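The file start_27.cif contains mmCIF, C-alpha atoms:
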data_query
loop_
_atom_site.label_atom_id
_atom_site.label_comp_id
_atom_site.auth_asym_id
_atom_site.auth_seq_id
_atom_site.Cartn_x
_atom_site.Cartn_y
_atom_site.Cartn_z
CA MET V 60 14.51 -25.67 10.74
CA ALA V 61 12.59 -23.32 13.04
CA SER V 62 9.70 -24.59 15.13
CA ALA V 63 6.14 -23.81 14.13
CA PRO V 64 5.59 -21.41 17.08
CA ALA V 65 8.83 -19.58 16.21
CA ILE V 66 7.75 -19.28 12.58
CA LEU V 67 4.32 -18.03 13.60
CA PHE V 68 5.84 -15.49 15.99
CA ARG V 69 8.15 -14.20 13.26
CA LEU V 70 5.27 -13.86 10.79
CA PHE V 71 3.04 -12.06 13.30
CA ASN V 72 5.95 -9.81 14.24
CA ALA V 73 6.58 -9.04 10.56
CA LEU V 74 2.89 -8.35 10.08
CA ARG V 75 2.68 -6.04 13.08
CA HIS V 76 5.88 -4.13 12.40
CA GLY V 77 5.97 -4.33 8.62
CA LEU V 78 2.43 -3.33 7.79
CA ARG V 79 2.13 -0.73 10.55
CA ALA V 80 5.64 0.65 10.21
CA ARG V 81 6.11 4.40 10.24
CA THR V 82 8.95 3.98 7.78
CA VAL V 83 7.49 3.15 4.40
CA VAL V 84 10.44 1.16 3.02
CA LEU V 85 11.85 -1.31 5.52
CA PRO V 86 15.60 -2.09 5.68
CA ASP V 87 15.29 -5.37 3.75
CA GLU V 88 13.22 -3.78 0.94
CA ASP V 89 14.38 -2.01 -2.22
CA PRO V 90 13.66 1.74 -2.01
CA GLU V 91 13.87 2.00 -5.80
CA GLU V 92 10.83 -0.25 -6.14
CA PHE V 93 8.79 2.05 -3.90
CA ASP V 94 10.14 5.06 -5.78
CA GLN V 95 8.88 3.54 -9.05
CA ILE V 96 5.37 3.11 -7.62
CA HIS V 97 5.41 6.65 -6.24
CA ALA V 98 6.82 8.17 -9.44
CA GLY V 99 4.20 6.38 -11.52
CA LEU V 100 1.38 7.85 -9.44
CA GLN V 101 3.13 11.23 -9.39
CA ASN V 102 3.33 11.24 -13.19
CA GLN V 103 -0.23 10.00 -13.60
CA TYR V 104 -1.83 12.62 -11.34
CA ARG V 105 0.68 15.51 -11.30
CA PRO V 106 -0.46 16.87 -7.92
CA GLN V 107 -0.73 20.65 -7.75
CA THR V 108 -1.63 21.17 -4.09
CA PRO V 109 -0.40 19.72 -0.80
CA ALA V 110 -3.72 17.87 -0.46
CA GLU V 111 -3.28 16.24 -3.86
CA GLN V 112 0.32 15.33 -2.97
CA TYR V 113 -0.94 13.74 0.23
CA LEU V 114 -3.38 11.61 -1.76
CA VAL V 115 -0.62 10.50 -4.14
CA ASP V 116 1.62 9.65 -1.18
CA GLN V 117 -1.15 7.69 0.56
CA ALA V 118 -1.98 5.75 -2.61
CA ALA V 119 1.69 4.85 -3.10
CA ILE V 120 2.10 3.77 0.53
CA ALA V 121 -1.07 1.66 0.44
CA GLN V 122 0.00 0.00 -2.81
CA TRP V 123 3.49 -0.69 -1.39
CA LYS V 124 2.08 -2.22 1.78
CA LEU V 125 -0.34 -4.35 -0.25
CA VAL V 126 2.67 -5.84 -2.03
CA ARG V 127 4.33 -6.40 1.36
CA ALA V 128 1.20 -8.19 2.62
CA GLU V 129 1.21 -10.48 -0.42
CA ILE V 130 4.85 -11.36 0.28
CA LEU V 131 4.06 -12.10 3.94
CA GLU V 132 1.14 -14.26 2.84
CA ALA V 133 3.39 -16.29 0.55
CA GLU V 134 5.98 -16.68 3.33
CA CYS V 135 3.31 -17.87 5.73
CA PHE V 136 2.39 -20.77 3.48
CA ALA V 137 5.97 -21.51 2.45
CA GLU V 138 7.19 -21.88 6.03
CA GLY V 139 5.23 -25.07 6.61
CA SER V 140 3.67 -23.98 9.88
CA PRO V 141 0.56 -25.78 11.15
CA ALA V 142 -2.73 -25.09 9.39
CA SER V 143 -4.21 -23.39 12.46
CA ALA V 144 -1.27 -20.99 12.65
CA ARG V 145 -1.46 -20.25 8.93
CA ALA V 146 -5.19 -19.62 9.25
CA ALA V 147 -4.63 -17.05 12.01
CA VAL V 148 -1.97 -15.20 10.01
CA PHE V 149 -4.05 -15.42 6.84
CA ASP V 150 -7.10 -14.03 8.63
CA ARG V 151 -5.15 -11.03 9.89
CA LEU V 152 -3.51 -10.48 6.50
CA THR V 153 -6.91 -10.52 4.84
CA GLN V 154 -8.13 -7.80 7.20
CA VAL V 155 -5.05 -5.68 6.56
CA GLN V 156 -5.23 -6.19 2.81
CA GLY V 157 -8.88 -5.09 2.83
CA ARG V 158 -8.05 -1.95 4.78
CA LEU V 159 -5.10 -1.10 2.53
CA GLY V 160 -7.12 -1.80 -0.60
CA ARG V 161 -9.86 0.56 0.56
CA ALA V 162 -7.27 3.26 1.38
CA PHE V 163 -5.69 2.89 -2.06
CA PHE V 164 -8.96 3.02 -3.96
CA LYS V 165 -10.27 5.93 -1.89
CA ALA V 166 -7.16 7.98 -2.74
CA TYR V 167 -7.26 6.77 -6.35
CA LYS V 168 -10.92 7.71 -6.75
CA GLU V 169 -10.39 11.19 -5.31
CA LEU V 170 -7.30 11.78 -7.46
CA ASP V 171 -9.23 10.65 -10.52
CA ARG V 172 -12.08 13.01 -9.62
CA ILE V 173 -9.63 15.92 -9.25
CA LYS V 174 -7.92 15.07 -12.52
CA THR V 175 -11.25 14.93 -14.37
CA ALA V 176 -12.42 18.22 -12.83
CA ARG V 177 -9.13 19.87 -13.75
CA ARG V 178 -9.46 18.64 -17.35
CA GLU V 179 -13.06 19.87 -17.56
CA THR V 180 -12.10 23.26 -16.12
CA ALA V 181 -9.26 23.58 -18.62
CA GLY V 182 -11.68 22.74 -21.43
CA THR V 183 -14.22 25.29 -20.20
CA ILE V 184 -11.59 28.01 -19.87
CA GLY V 185 -10.20 27.12 -23.29
CA GLY V 186 -13.69 27.27 -24.81
CA ILE V 187 -14.46 30.70 -23.34
CA GLY V 188 -11.30 32.44 -24.61
#

What does this structure look like when you write it as structure tokens?
Amino acid sequence: MASAPAILFRLFNALRHGLRARTVVLPDEDPEEFDQIHAGLQNQYRPQTPAEQYLVDQAAIAQWKLVRAEILEAECFAEGSPASARAAVFDRLTQVQGRLGRAFFKAYKELDRIKTARRETAGTIGGIG
């Protein structure tokens, strides 16, 4: 069994490199799971401009990383490291989860606004003709 400092180092390393990774899907993750999240958002919002596509991509990435943070949180408590070490990791995870949650909901809100405006415009155009 690994020592508590080794466990803590591994968790902090995973947090730093996993949640701030430039590559969205890490080698030990299933790309199909990310693809499902992305496809669901793609189908829901059907982006029509590069800006809309960017918002869909950002929402999918934030949602994926939120799932990753939840997994890291569970690992932190499953490893049996000292309470003070778990508290430090948990504190950092909470900050990251808050940031990712805000990023997701900001993209979601803007996509929803665009979708509503598009629907209203289509209704107005349909009502004129």

**Item:** Shortest interatomic distance to Thr153 of chain V - which of V:Ala137, V:Ala166, V:Ala128, V:Leu85, counting all atoms listed in the file
**Value:**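 Among V:Ala137, V:Ala166, V:Ala128, V:Leu85, it is V:Ala128 that comes nearest to Thr153 of chain V.
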
**Request:** Could you jot down the atom CA of Ala119 of chain V to atom CA of Gly99 of chain V separation for me, Å, one decimal place?
**Result:**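 Going from atom CA of Ala119 of chain V over to atom CA of Gly99 of chain V covers 8.9 Å.
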
**Request:** Using atom CA of Ile130 of chain V and atom CA of Asp116 of chain V as the two end points, give the distance in Å to one decimal.
**Result:**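 Distance reported for this atom pair: 21.3 Å.
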
Fewer than 4 positions away in the same chain doesn't count, so skip those; otherwise give me all residues within 8 Å of Glu132 of chain V, counting all atoms listed in the file, as a CSV table (one decimal) with C-alpha atoms, keeping the file's coordinate frame.
chain,number,residue,atom,x,y,z
V,128,ALA,CA,1.2,-8.2,2.6
V,136,PHE,CA,2.4,-20.8,3.5
V,148,VAL,CA,-2.0,-15.2,10.0
V,149,PHE,CA,-4.0,-15.4,6.8
V,152,LEU,CA,-3.5,-10.5,6.5

**Message:** Would you compute the distance between atom CA of Arg158 of chain V and atom CA of Ala176 of chain V? Give it in Å to one decimal.
**Reply:**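 A separation of 27.1 Å between them.
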
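Closest to Ala162 of chain V among V:Gln95, V:Gln117, V:Gln112, V:Gln103 is V:Gln117, based on all atoms listed in the file.
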
**Prompt:** What do you get, as a list in words, if you spell out every residue that the PyMOL selection byres ((chain V and resi 156) around 10) selects here?
**Reply:**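 Those residues are Leu78, Ala121, Gln122, Lys124, Leu125, Val126, Arg127, Ala128, Glu129, Asp150, Arg151, Leu152, Thr153, Gln154, Val155, Gly157, Arg158, Leu159, Gly160, Arg161 and Ala162 of chain V.
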
**Item:** Evaluate the PyMOL selection byres ((chain V and resi 114) around 12) and report residues as a ChimeraX atom specification
**Value:** /V:97,100-101,104-113,115-121,162-173

**Asked** Using all atoms listed in the file, which of the listed residues (V:Ile184, V:Trp123, V:Lys174, V:Ser143) sits closest to Glu91 of chain V?
**Response**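 Of the candidates, the smallest distance to Glu91 of chain V is held by V:Trp123.
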